[in-house]
Amino acid sequence: MALSSPSRSDAAIRRAVQQLAPGAWDFADADTKDWTHGYHSYPAMMIPPVARSLIALIQHHQPAMRTLFDPFMGSGTSLVEGLLAGMSVHGSDLNPLSRLITQAKTTAWDPERLEVLAQHVFMTAKYATVTPDDWPHFDHMTFWFKPRVIDDLVRIKRAIHTVVPPSWQPFFWVAFSDTVRWVSNSRNAEFKLYRLDPARLARWNPDVLETFAKIVQRNQIGNAALAARRPLPSVTLYGHNAMHLADIADETFDLMVTSPPYGDSRTTVAYGQFSRLSLQWLDLAEADNALPVNKLDQALLGGVAVPQLDHALPSPTLTASLAFIAQQDTGRAREVLAFYRDLDHALKEIARVMRPGSYQCWVVGNRTVKQVQLATDQIITELSVPYGVIPVVHYTRTIPNKRMPRANSPTNRAGATGATMTGEQIVILRKA
């Protein structure tokens with residue numbers, strides 16, 4: 001089936017978005033943990049109804065589209081929604097934990113056999129004998145985990161290795177990873193690693209085996225829902241940084257739905273910090289060609305600051321914002337430029353792998369630096385033009401329940417605060 005006229009589709013998509021009722025895409029009361037979406041926490045997740053609505057919108061006006069791509073797939077939200085919409089899905093992320101979570105969330109295992117395996121894992125873990133000689137070895141382990149917790153995690157890990165066939169293990173490793181985070185000594189309400197304060201730490205006594213069992217049982221419900229939709233389209237996952245999409249041929253994909261980072265990991269959402277404890281327990285950081293676990297954030301967008309502020313990026317919006325930030329702090333301005341420099345590399349690569357007539361749906365947050373709001377939605381639009389990508393429509397949705405403070409400290413002045421993100425920008429572009 002051939003694609004419909006791009007100009008007519010653009011106009012129809014634009015009209016449909018502009019006619020949305022106020023708050024239509026806020027999804028304040030939506031279930032964001034249906035299907036397999038609730039398998040594992042992850043920073044700054046795009047909520048499923050947003051991805052679902054964007055896919056449905058584009059498919060309605062371009063029903064011939066068959067392949068979906070997410071170059072910043074994170075926990076795989078858009079890929080799950082693409083599968084449910086009948087599309088072949090492709091995702092990429094440098095973070096090995098992202099790839100593990102997405103693999104599990106896009107795989108439908110037989111529910112009856114999964115239940116049998118789960119019971120075997122529970123019983124094997126319950127009666128396993130563990131000594132400190134069996135503990136894994138990574139830095140600061142006893143800082144982040146109490147000894148009894150370490151013992152129980154070792155029991156679970158050994159049980160998964162012992163009784164679960166390799167092709168079924170991703171389901172259990174994801175549950176194990178989520179357990180690692182919940183039973184650690186970290187403050188689980190935050191994505192960066194902060195240890196519990198002494199008073200709370202003294203009272204902290206998690207039941208590791210019970211936590212793991214509850215997570216497995218919760219995730220079995222999601223798996224059963226996905227399994228009822230079998231057969232599912234194909235899933236392809238890559239371990240690429242979005243700036244370098246090697247192995248992916250030119251003009252491969254019909255539709256992109258993604259939510260990129262808000263900014264560099266050091267000053268916004270630290271994906272590497274969030275993943276560190278899980279990666280160490282899962283041994284994913286030791287896999288072939290894997291980055292050291294403490295180097296992941298540096299390898300993501302903006303991980304390495306630029307030495308100077310001179311640039312040739314074709315975005316007047318970015319240039320103006322950098323000038324304001326530089327008046328207050330040239331170092332912060334260089335960090336901001338590093339992020340958008342890397343984002344520009346990603347935009348070029350993404351344009352390369354998208355087919356002519358394909359659509360790009362960007363869900364972005366416009367963060368504030370030095371009291372200057374960075375209009376990432378507009379910057380992406382401007383930077384995309386040299387790569388043959390044109391704007392179709394823009395929409396702003398309110399974020400009802402985003403996990404971030406309503407106010408932060410944007411300066412070094414005591415008591416000074418500024419509002420954090422309460423809205424997301426949805427930008428739809430098309431490759432000419």
# chains A, B, ... in the order shown; residues from 1 in each chain; ligands from 1

$ select_by_dssp --residues "region 89-127 of chain A" --states "alpha helix (DSSP H)" --output "number ranges by chain"
A: 96-105, 111-126

$ closest_atom_pairs --of "region 180-205 of chain A" --to "region 137-154 of chain A" --cutoff "8 Å" --atoms "only C-alpha atoms" --output "Markdown table"
| residue | atom | partner | partner_atom | distance |
| --- | --- | --- | --- | --- |
| A:Val180 | CA | A:Leu153 | CA | 7.5 |
| A:Val183 | CA | A:Val149 | CA | 7.1 |
| A:Ser184 | CA | A:Phe145 | CA | 5.1 |
| A:Asn185 | CA | A:Trp144 | CA | 4.9 |
| A:Ser186 | CA | A:Trp144 | CA | 6.6 |
| A:Arg195 | CA | A:Trp144 | CA | 7.2 |

$ residues_around --residues "Arg218 (chain A)" --least-positions-apart "2" --cutoff "12 Å" --atoms "only C-alpha atoms" --output "JSON, numbers by chain"
{"A": [33, 34, 35, 36, 37, 38, 39, 40, 115, 118, 171, 172, 174, 175, 178, 211, 212, 213, 214, 215, 216, 220, 221, 222, 223, 224, 225]}

$ write_last_selection --atoms "N, CA and C atoms" --output "PDB file, in the first residue's frame"
ATOM      1  N   LYS A  33       0.188   1.946  33.557  1.00  0.00           N
ATOM      2  CA  LYS A  33       0.881   0.695  33.860  1.00  0.00           C
ATOM      3  C   LYS A  33       0.182  -0.507  33.233  1.00  0.00           C
ATOM      4  N   ASP A  34      -0.659  -0.289  32.239  1.00  0.00           N
ATOM      5  CA  ASP A  34      -1.337  -1.414  31.605  1.00  0.00           C
ATOM      6  C   ASP A  34      -0.376  -2.158  30.679  1.00  0.00           C
ATOM      7  N   TRP A  35      -0.846  -3.283  30.151  1.00  0.00           N
ATOM      8  CA  TRP A  35      -0.012  -4.139  29.322  1.00  0.00           C
ATOM      9  C   TRP A  35       1.289  -4.451  30.077  1.00  0.00           C
ATOM     10  N   THR A  36       2.432  -4.274  29.444  1.00  0.00           N
ATOM     11  CA  THR A  36       3.709  -4.547  30.128  1.00  0.00           C
ATOM     12  C   THR A  36       4.399  -3.263  30.588  1.00  0.00           C
ATOM     13  N   HIS A  37       3.700  -2.157  30.563  1.00  0.00           N
ATOM     14  CA  HIS A  37       4.331  -0.867  30.871  1.00  0.00           C
ATOM     15  C   HIS A  37       4.767  -0.744  32.330  1.00  0.00           C
ATOM     16  N   GLY A  38       4.203  -1.555  33.216  1.00  0.00           N
ATOM     17  CA  GLY A  38       4.549  -1.438  34.623  1.00  0.00           C
ATOM     18  C   GLY A  38       5.660  -2.351  35.081  1.00  0.00           C
ATOM     19  N   TYR A  39       6.390  -2.955  34.153  1.00  0.00           N
ATOM     20  CA  TYR A  39       7.419  -3.935  34.526  1.00  0.00           C
ATOM     21  C   TYR A  39       8.533  -3.373  35.407  1.00  0.00           C
ATOM     22  N   HIS A  40       8.949  -2.146  35.151  1.00  0.00           N
ATOM     23  CA  HIS A  40      10.170  -1.636  35.785  1.00  0.00           C
ATOM     24  C   HIS A  40      10.110  -0.116  35.779  1.00  0.00           C
ATOM     25  N   GLU A 115       4.355 -19.278  34.922  1.00  0.00           N
ATOM     26  CA  GLU A 115       3.939 -19.491  36.305  1.00  0.00           C
ATOM     27  C   GLU A 115       4.701 -20.654  36.935  1.00  0.00           C
ATOM     28  N   ALA A 118       8.186 -19.482  37.650  1.00  0.00           N
ATOM     29  CA  ALA A 118       8.194 -18.549  38.774  1.00  0.00           C
ATOM     30  C   ALA A 118       8.169 -19.302  40.100  1.00  0.00           C
ATOM     31  N   PHE A 171      12.642 -12.030  31.445  1.00  0.00           N
ATOM     32  CA  PHE A 171      11.472 -11.698  32.276  1.00  0.00           C
ATOM     33  C   PHE A 171      11.877 -11.624  33.746  1.00  0.00           C
ATOM     34  N   PHE A 172      12.640 -12.609  34.196  1.00  0.00           N
ATOM     35  CA  PHE A 172      13.014 -12.669  35.607  1.00  0.00           C
ATOM     36  C   PHE A 172      14.116 -11.672  35.955  1.00  0.00           C
ATOM     37  N   VAL A 174      14.465  -8.711  34.710  1.00  0.00           N
ATOM     38  CA  VAL A 174      13.838  -7.396  34.870  1.00  0.00           C
ATOM     39  C   VAL A 174      13.183  -7.283  36.242  1.00  0.00           C
ATOM     40  N   ALA A 175      12.497  -8.338  36.673  1.00  0.00           N
ATOM     41  CA  ALA A 175      11.913  -8.324  38.018  1.00  0.00           C
ATOM     42  C   ALA A 175      13.001  -8.243  39.086  1.00  0.00           C
ATOM     43  N   ASP A 178      14.333  -4.594  39.208  1.00  0.00           N
ATOM     44  CA  ASP A 178      13.434  -3.698  39.930  1.00  0.00           C
ATOM     45  C   ASP A 178      13.515  -3.974  41.432  1.00  0.00           C
ATOM     46  N   THR A 211       9.412  -9.010  48.096  1.00  0.00           N
ATOM     47  CA  THR A 211       9.404  -7.936  47.097  1.00  0.00           C
ATOM     48  C   THR A 211       9.556  -8.508  45.695  1.00  0.00           C
ATOM     49  N   PHE A 212      10.506  -9.410  45.530  1.00  0.00           N
ATOM     50  CA  PHE A 212      10.720 -10.043  44.227  1.00  0.00           C
ATOM     51  C   PHE A 212       9.475 -10.809  43.777  1.00  0.00           C
ATOM     52  N   ALA A 213       8.865 -11.572  44.668  1.00  0.00           N
ATOM     53  CA  ALA A 213       7.681 -12.349  44.312  1.00  0.00           C
ATOM     54  C   ALA A 213       6.534 -11.440  43.868  1.00  0.00           C
ATOM     55  N   LYS A 214       6.344 -10.334  44.569  1.00  0.00           N
ATOM     56  CA  LYS A 214       5.265  -9.410  44.201  1.00  0.00           C
ATOM     57  C   LYS A 214       5.517  -8.781  42.835  1.00  0.00           C
ATOM     58  N   ILE A 215       6.768  -8.440  42.546  1.00  0.00           N
ATOM     59  CA  ILE A 215       7.090  -7.846  41.244  1.00  0.00           C
ATOM     60  C   ILE A 215       6.877  -8.867  40.132  1.00  0.00           C
ATOM     61  N   VAL A 216       7.317 -10.111  40.348  1.00  0.00           N
ATOM     62  CA  VAL A 216       7.104 -11.154  39.349  1.00  0.00           C
ATOM     63  C   VAL A 216       5.611 -11.355  39.094  1.00  0.00           C
ATOM     64  N   GLN A 220       3.604 -10.743  35.633  1.00  0.00           N
ATOM     65  CA  GLN A 220       2.912 -11.841  34.960  1.00  0.00           C
ATOM     66  C   GLN A 220       1.560 -11.388  34.408  1.00  0.00           C
ATOM     67  N   ILE A 221       0.925 -10.478  35.099  1.00  0.00           N
ATOM     68  CA  ILE A 221      -0.360  -9.954  34.612  1.00  0.00           C
ATOM     69  C   ILE A 221      -0.155  -9.224  33.289  1.00  0.00           C
ATOM     70  N   GLY A 222       0.892  -8.405  33.218  1.00  0.00           N
ATOM     71  CA  GLY A 222       1.187  -7.706  31.970  1.00  0.00           C
ATOM     72  C   GLY A 222       1.550  -8.657  30.857  1.00  0.00           C
ATOM     73  N   ASN A 223       2.350  -9.670  31.180  1.00  0.00           N
ATOM     74  CA  ASN A 223       2.725 -10.654  30.164  1.00  0.00           C
ATOM     75  C   ASN A 223       1.497 -11.385  29.625  1.00  0.00           C
ATOM     76  N   ALA A 224       0.574 -11.754  30.504  1.00  0.00           N
ATOM     77  CA  ALA A 224      -0.625 -12.464  30.057  1.00  0.00           C
ATOM     78  C   ALA A 224      -1.439 -11.614  29.090  1.00  0.00           C
ATOM     79  N   ALA A 225      -1.521 -10.309  29.355  1.00  0.00           N
ATOM     80  CA  ALA A 225      -2.254  -9.422  28.447  1.00  0.00           C
ATOM     81  C   ALA A 225      -1.579  -9.375  27.089  1.00  0.00           C
TER      82      ALA A 225
END

$ closest_residue --among "A:Leu97, A:Ala351, A:Leu322, A:Ala30" --to "Leu337 (chain A)" --atoms "only C-alpha atoms"
A:Leu322

$ closest_residue --among "A:Arg158, A:Arg355, A:Arg203, A:Lys348" --to "Met243 (chain A)" --atoms "only C-alpha atoms"
A:Lys348

$ atom_distance --atom1 "CA of Leu282 (chain A)" --atom2 "CA of Pro166 (chain A)"
13.8 Å

$ closest_residue --among "A:Thr330, A:Asn294, A:Ser315, A:Ser358" --to "Val385 (chain A)" --atoms "only C-alpha atoms"
A:Ser315

$ select_by_dssp --residues "region 255-381 of chain A" --states "strand (DSSP E or B)" --output "tab-separated table (two decimals) with N, CA and C atoms, in the first residue's frame"
chain	number	residue	atom	x	y	z
A	255	LEU	N	7.93	5.57	10.73
A	255	LEU	CA	7.44	6.43	11.82
A	255	LEU	C	8.43	6.38	12.98
A	256	MET	N	8.71	7.53	13.55
A	256	MET	CA	9.51	7.61	14.76
A	256	MET	C	8.67	8.22	15.86
A	257	VAL	N	8.66	7.58	17.03
A	257	VAL	CA	8.01	8.14	18.22
A	257	VAL	C	9.03	8.04	19.34
A	258	THR	N	9.42	9.18	19.90
A	258	THR	CA	10.49	9.15	20.91
A	258	THR	C	10.34	10.29	21.90
A	354	MET	N	15.30	7.47	8.29
A	354	MET	CA	13.86	7.59	8.05
A	354	MET	C	13.58	7.70	6.56
A	355	ARG	N	12.49	7.10	6.14
A	355	ARG	CA	12.12	7.12	4.72
A	355	ARG	C	11.54	8.47	4.32
A	356	PRO	N	11.63	8.83	3.04
A	356	PRO	CA	10.93	10.03	2.57
A	356	PRO	C	9.43	9.89	2.85
A	357	GLY	N	8.83	10.94	3.36
A	357	GLY	CA	7.41	10.89	3.72
A	357	GLY	C	7.16	10.37	5.11
A	358	SER	N	8.20	9.95	5.82
A	358	SER	CA	8.04	9.43	7.18
A	358	SER	C	7.79	10.57	8.16
A	359	TYR	N	7.19	10.20	9.28
A	359	TYR	CA	6.89	11.19	10.32
A	359	TYR	C	7.76	10.95	11.55
A	360	GLN	N	8.13	12.06	12.19
A	360	GLN	CA	8.85	12.02	13.45
A	360	GLN	C	7.99	12.68	14.53
A	361	CYS	N	7.73	11.96	15.61
A	361	CYS	CA	6.96	12.50	16.73
A	361	CYS	C	7.91	12.64	17.93
A	362	TRP	N	8.16	13.86	18.33
A	362	TRP	CA	9.06	14.16	19.44
A	362	TRP	C	8.25	14.62	20.65
A	363	VAL	N	8.47	13.98	21.79
A	363	VAL	CA	7.84	14.40	23.05
A	363	VAL	C	8.97	14.93	23.92
A	364	VAL	N	9.01	16.23	24.12
A	364	VAL	CA	10.18	16.84	24.75
A	364	VAL	C	9.77	17.72	25.93
A	368	THR	N	14.78	24.54	32.21
A	368	THR	CA	15.25	25.89	32.48
A	368	THR	C	16.67	25.84	33.04
A	369	VAL	N	17.55	26.64	32.48
A	369	VAL	CA	18.93	26.75	32.94
A	369	VAL	C	19.23	28.23	33.19
A	372	VAL	N	16.69	30.64	32.21
A	372	VAL	CA	16.41	30.73	30.78
A	372	VAL	C	15.75	29.43	30.34
A	373	GLN	N	14.52	29.51	29.85
A	373	GLN	CA	13.87	28.29	29.39
A	373	GLN	C	14.39	27.93	28.00

$ closest_residue --among "A:Trp182, A:Tyr340, A:Ile248, A:Phe122" --to "Asn205 (chain A)" --atoms "only C-alpha atoms"
A:Trp182

$ atom_distance --atom1 "CA of Leu374 (chain A)" --atom2 "CA of Thr317 (chain A)"
8.3 Å

$ closest_residue --among "A:Arg430, A:Pro400, A:Ala227, A:Asp264" --to "Ile58 (chain A)" --atoms "only C-alpha atoms"
A:Arg430

$ closest_atom_pairs --of "region 126-239 of chain A" --to "region 71-81 of chain A" --cutoff "10 Å" --atoms "only C-alpha atoms" --output "JSON lines"
{"residue": "A:Leu226", "atom": "CA", "partner": "A:Val80", "partner_atom": "CA", "distance": 9.2}
{"residue": "A:Val235", "atom": "CA", "partner": "A:Leu79", "partner_atom": "CA", "distance": 8.2}
{"residue": "A:Thr236", "atom": "CA", "partner": "A:Leu79", "partner_atom": "CA", "distance": 9.7}
{"residue": "A:Leu237", "atom": "CA", "partner": "A:Met73", "partner_atom": "CA", "distance": 9.3}
{"residue": "A:Tyr238", "atom": "CA", "partner": "A:Pro71", "partner_atom": "CA", "distance": 8.9}
{"residue": "A:Gly239", "atom": "CA", "partner": "A:Pro71", "partner_atom": "CA", "distance": 9.8}

$ write_last_selection --atoms "C-alpha atoms" --output "mmCIF file, in the first residue's frame"
data_model
loop_
_atom_site.group_PDB
_atom_site.id
_atom_site.type_symbol
_atom_site.label_atom_id
_atom_site.label_comp_id
_atom_site.auth_asym_id
_atom_site.auth_seq_id
_atom_site.Cartn_x
_atom_site.Cartn_y
_atom_site.Cartn_z
ATOM 1 C CA LEU A 226 0.479 -9.195 25.813
ATOM 2 C CA VAL A 235 11.091 -6.570 17.406
ATOM 3 C CA THR A 236 14.655 -5.404 16.696
ATOM 4 C CA LEU A 237 16.816 -3.787 19.360
ATOM 5 C CA TYR A 238 20.120 -1.977 18.891
ATOM 6 C CA GLY A 239 22.746 -0.830 21.382
#

$ residues_around --residues "Arg332 (chain A)" --least-positions-apart "2" --cutoff "12 Å" --atoms "only C-alpha atoms" --output "number ranges by chain"
A: 263-264, 266-267, 302, 305-309, 321-330, 334-339, 368-372, 410-411

$ write_last_selection --atoms "C-alpha atoms" --output "PDB file, in the first residue's frame"
ATOM      1  CA  GLY A 263      19.533  17.623  28.753  1.00  0.00           C
ATOM      2  CA  ASP A 264      22.868  16.115  29.684  1.00  0.00           C
ATOM      3  CA  ARG A 266      24.897  15.135  34.821  1.00  0.00           C
ATOM      4  CA  THR A 267      22.548  18.084  35.299  1.00  0.00           C
ATOM      5  CA  GLY A 302      26.014  16.267  26.248  1.00  0.00           C
ATOM      6  CA  ALA A 305      31.361  19.669  27.465  1.00  0.00           C
ATOM      7  CA  VAL A 306      32.518  21.756  24.510  1.00  0.00           C
ATOM      8  CA  PRO A 307      35.695  23.838  25.070  1.00  0.00           C
ATOM      9  CA  GLN A 308      34.212  27.059  23.710  1.00  0.00           C
ATOM     10  CA  LEU A 309      30.885  28.638  22.797  1.00  0.00           C
ATOM     11  CA  SER A 321      19.399  31.227  24.751  1.00  0.00           C
ATOM     12  CA  LEU A 322      23.119  30.500  24.940  1.00  0.00           C
ATOM     13  CA  ALA A 323      23.883  34.208  24.913  1.00  0.00           C
ATOM     14  CA  PHE A 324      21.628  34.816  27.936  1.00  0.00           C
ATOM     15  CA  ILE A 325      23.056  31.862  29.859  1.00  0.00           C
ATOM     16  CA  ALA A 326      26.649  32.840  29.032  1.00  0.00           C
ATOM     17  CA  GLN A 327      26.101  36.278  30.553  1.00  0.00           C
ATOM     18  CA  GLN A 328      25.667  34.513  33.898  1.00  0.00           C
ATOM     19  CA  ASP A 329      27.817  31.387  33.571  1.00  0.00           C
ATOM     20  CA  THR A 330      29.909  30.481  30.528  1.00  0.00           C
ATOM     21  CA  ARG A 334      29.110  25.267  27.235  1.00  0.00           C
ATOM     22  CA  GLU A 335      27.318  22.327  28.882  1.00  0.00           C
ATOM     23  CA  VAL A 336      24.054  23.345  27.226  1.00  0.00           C
ATOM     24  CA  LEU A 337      25.777  23.715  23.864  1.00  0.00           C
ATOM     25  CA  ALA A 338      27.352  20.260  24.239  1.00  0.00           C
ATOM     26  CA  PHE A 339      23.909  18.704  24.644  1.00  0.00           C
ATOM     27  CA  THR A 368      15.253  25.895  32.478  1.00  0.00           C
ATOM     28  CA  VAL A 369      18.934  26.753  32.936  1.00  0.00           C
ATOM     29  CA  LYS A 370      19.976  29.925  34.753  1.00  0.00           C
ATOM     30  CA  GLN A 371      16.353  31.096  34.571  1.00  0.00           C
ATOM     31  CA  VAL A 372      16.407  30.731  30.776  1.00  0.00           C
ATOM     32  CA  PRO A 410      18.068  27.606  39.603  1.00  0.00           C
ATOM     33  CA  THR A 411      20.708  29.838  41.151  1.00  0.00           C
TER      34      THR A 411
END

$ residues_around --residues "Thr396 (chain A)" --least-positions-apart "3" --cutoff "10 Å" --atoms "only C-alpha atoms" --output "number ranges by chain"
A: 23, 25-26, 363-365, 399, 423-427

$ write_last_selection --atoms "N, CA and C atoms" --output "PDB file, in the first residue's frame"
ATOM      1  N   GLY A  23      -6.865  19.884  27.128  1.00  0.00           N
ATOM      2  CA  GLY A  23      -6.512  18.814  28.054  1.00  0.00           C
ATOM      3  C   GLY A  23      -6.695  17.413  27.520  1.00  0.00           C
ATOM      4  N   TRP A  25      -4.949  15.493  25.702  1.00  0.00           N
ATOM      5  CA  TRP A  25      -3.771  14.631  25.770  1.00  0.00           C
ATOM      6  C   TRP A  25      -3.023  14.787  27.100  1.00  0.00           C
ATOM      7  N   ASP A  26      -3.701  15.290  28.128  1.00  0.00           N
ATOM      8  CA  ASP A  26      -3.074  15.359  29.444  1.00  0.00           C
ATOM      9  C   ASP A  26      -3.089  13.991  30.123  1.00  0.00           C
ATOM     10  N   VAL A 363       8.468  13.985  21.794  1.00  0.00           N
ATOM     11  CA  VAL A 363       7.840  14.401  23.047  1.00  0.00           C
ATOM     12  C   VAL A 363       8.970  14.930  23.924  1.00  0.00           C
ATOM     13  N   VAL A 364       9.014  16.232  24.119  1.00  0.00           N
ATOM     14  CA  VAL A 364      10.181  16.844  24.753  1.00  0.00           C
ATOM     15  C   VAL A 364       9.773  17.720  25.931  1.00  0.00           C
ATOM     16  N   GLY A 365      10.711  17.877  26.847  1.00  0.00           N
ATOM     17  CA  GLY A 365      10.539  18.792  27.965  1.00  0.00           C
ATOM     18  C   GLY A 365      11.477  19.968  27.796  1.00  0.00           C
ATOM     19  N   ILE A 399       1.686  18.003  32.237  1.00  0.00           N
ATOM     20  CA  ILE A 399       2.187  16.790  32.889  1.00  0.00           C
ATOM     21  C   ILE A 399       1.522  16.686  34.260  1.00  0.00           C
ATOM     22  N   GLY A 423       4.875  20.929  31.777  1.00  0.00           N
ATOM     23  CA  GLY A 423       4.284  20.641  30.475  1.00  0.00           C
ATOM     24  C   GLY A 423       5.278  19.966  29.561  1.00  0.00           C
ATOM     25  N   GLU A 424       4.764  19.208  28.622  1.00  0.00           N
ATOM     26  CA  GLU A 424       5.573  18.577  27.586  1.00  0.00           C
ATOM     27  C   GLU A 424       5.154  19.134  26.237  1.00  0.00           C
ATOM     28  N   GLN A 425       6.133  19.245  25.353  1.00  0.00           N
ATOM     29  CA  GLN A 425       5.876  19.708  24.000  1.00  0.00           C
ATOM     30  C   GLN A 425       5.890  18.521  23.060  1.00  0.00           C
ATOM     31  N   ILE A 426       4.870  18.394  22.254  1.00  0.00           N
ATOM     32  CA  ILE A 426       4.795  17.347  21.246  1.00  0.00           C
ATOM     33  C   ILE A 426       4.972  17.996  19.881  1.00  0.00           C
ATOM     34  N   VAL A 427       6.027  17.576  19.199  1.00  0.00           N
ATOM     35  CA  VAL A 427       6.349  18.139  17.890  1.00  0.00           C
ATOM     36  C   VAL A 427       6.273  17.016  16.857  1.00  0.00           C
TER      37      VAL A 427
END

$ closest_residue --among "A:Gln103, A:Thr179, A:Asn188, A:Thr129" --to "Phe274 (chain A)" --atoms "only C-alpha atoms"
A:Asn188

$ atom_distance --atom1 "CA of Arg200 (chain A)" --atom2 "CA of Leu277 (chain A)"
19.8 Å

$ residues_around --residues "Ser234 (chain A)" --least-positions-apart "5" --cutoff "10 Å" --atoms "only C-alpha atoms" --output "NGL selection string"
:A and (67 or 83 or 86-90 or 106-107)

$ decode --residues "region 53-68 of chain A" --atoms "N, CA and C atoms" --output "compact mmCIF listing (two decimals), in the first residue's frame"
# COMPACT_ATOMS: atom_id res chain seq x y z
N SER A 53 -1.57 7.54 21.30
CA SER A 53 -2.33 8.55 20.55
C SER A 53 -1.58 9.02 19.31
N LEU A 54 -0.27 9.20 19.44
CA LEU A 54 0.52 9.64 18.29
C LEU A 54 0.54 8.57 17.20
N ILE A 55 0.72 7.31 17.59
CA ILE A 55 0.72 6.22 16.60
C ILE A 55 -0.63 6.14 15.91
N ALA A 56 -1.70 6.21 16.69
CA ALA A 56 -3.05 6.13 16.10
C ALA A 56 -3.31 7.29 15.16
N LEU A 57 -2.85 8.49 15.54
CA LEU A 57 -3.04 9.67 14.70
C LEU A 57 -2.35 9.49 13.35
N ILE A 58 -1.08 9.08 13.37
CA ILE A 58 -0.34 8.94 12.12
C ILE A 58 -0.89 7.78 11.30
N GLN A 59 -1.19 6.67 11.95
CA GLN A 59 -1.73 5.52 11.21
C GLN A 59 -3.06 5.85 10.55
N HIS A 60 -3.87 6.65 11.21
CA HIS A 60 -5.18 7.01 10.64
C HIS A 60 -5.02 7.74 9.31
N HIS A 61 -4.02 8.59 9.25
CA HIS A 61 -3.83 9.38 8.03
C HIS A 61 -2.80 8.78 7.08
N GLN A 62 -2.01 7.83 7.56
CA GLN A 62 -1.06 7.12 6.70
C GLN A 62 -1.09 5.63 7.07
N PRO A 63 -2.15 4.94 6.72
CA PRO A 63 -2.31 3.53 7.14
C PRO A 63 -1.27 2.58 6.57
N ALA A 64 -0.51 3.02 5.57
CA ALA A 64 0.49 2.12 4.97
C ALA A 64 1.77 2.03 5.80
N MET A 65 1.88 2.82 6.83
CA MET A 65 3.10 2.79 7.63
C MET A 65 3.19 1.50 8.43
N ARG A 66 4.36 0.84 8.35
CA ARG A 66 4.51 -0.50 8.94
C ARG A 66 5.63 -0.60 9.96
N THR A 67 6.59 0.34 9.97
CA THR A 67 7.75 0.21 10.85
C THR A 67 7.86 1.42 11.77
N LEU A 68 8.09 1.15 13.04
CA LEU A 68 8.25 2.21 14.04
C LEU A 68 9.66 2.15 14.62
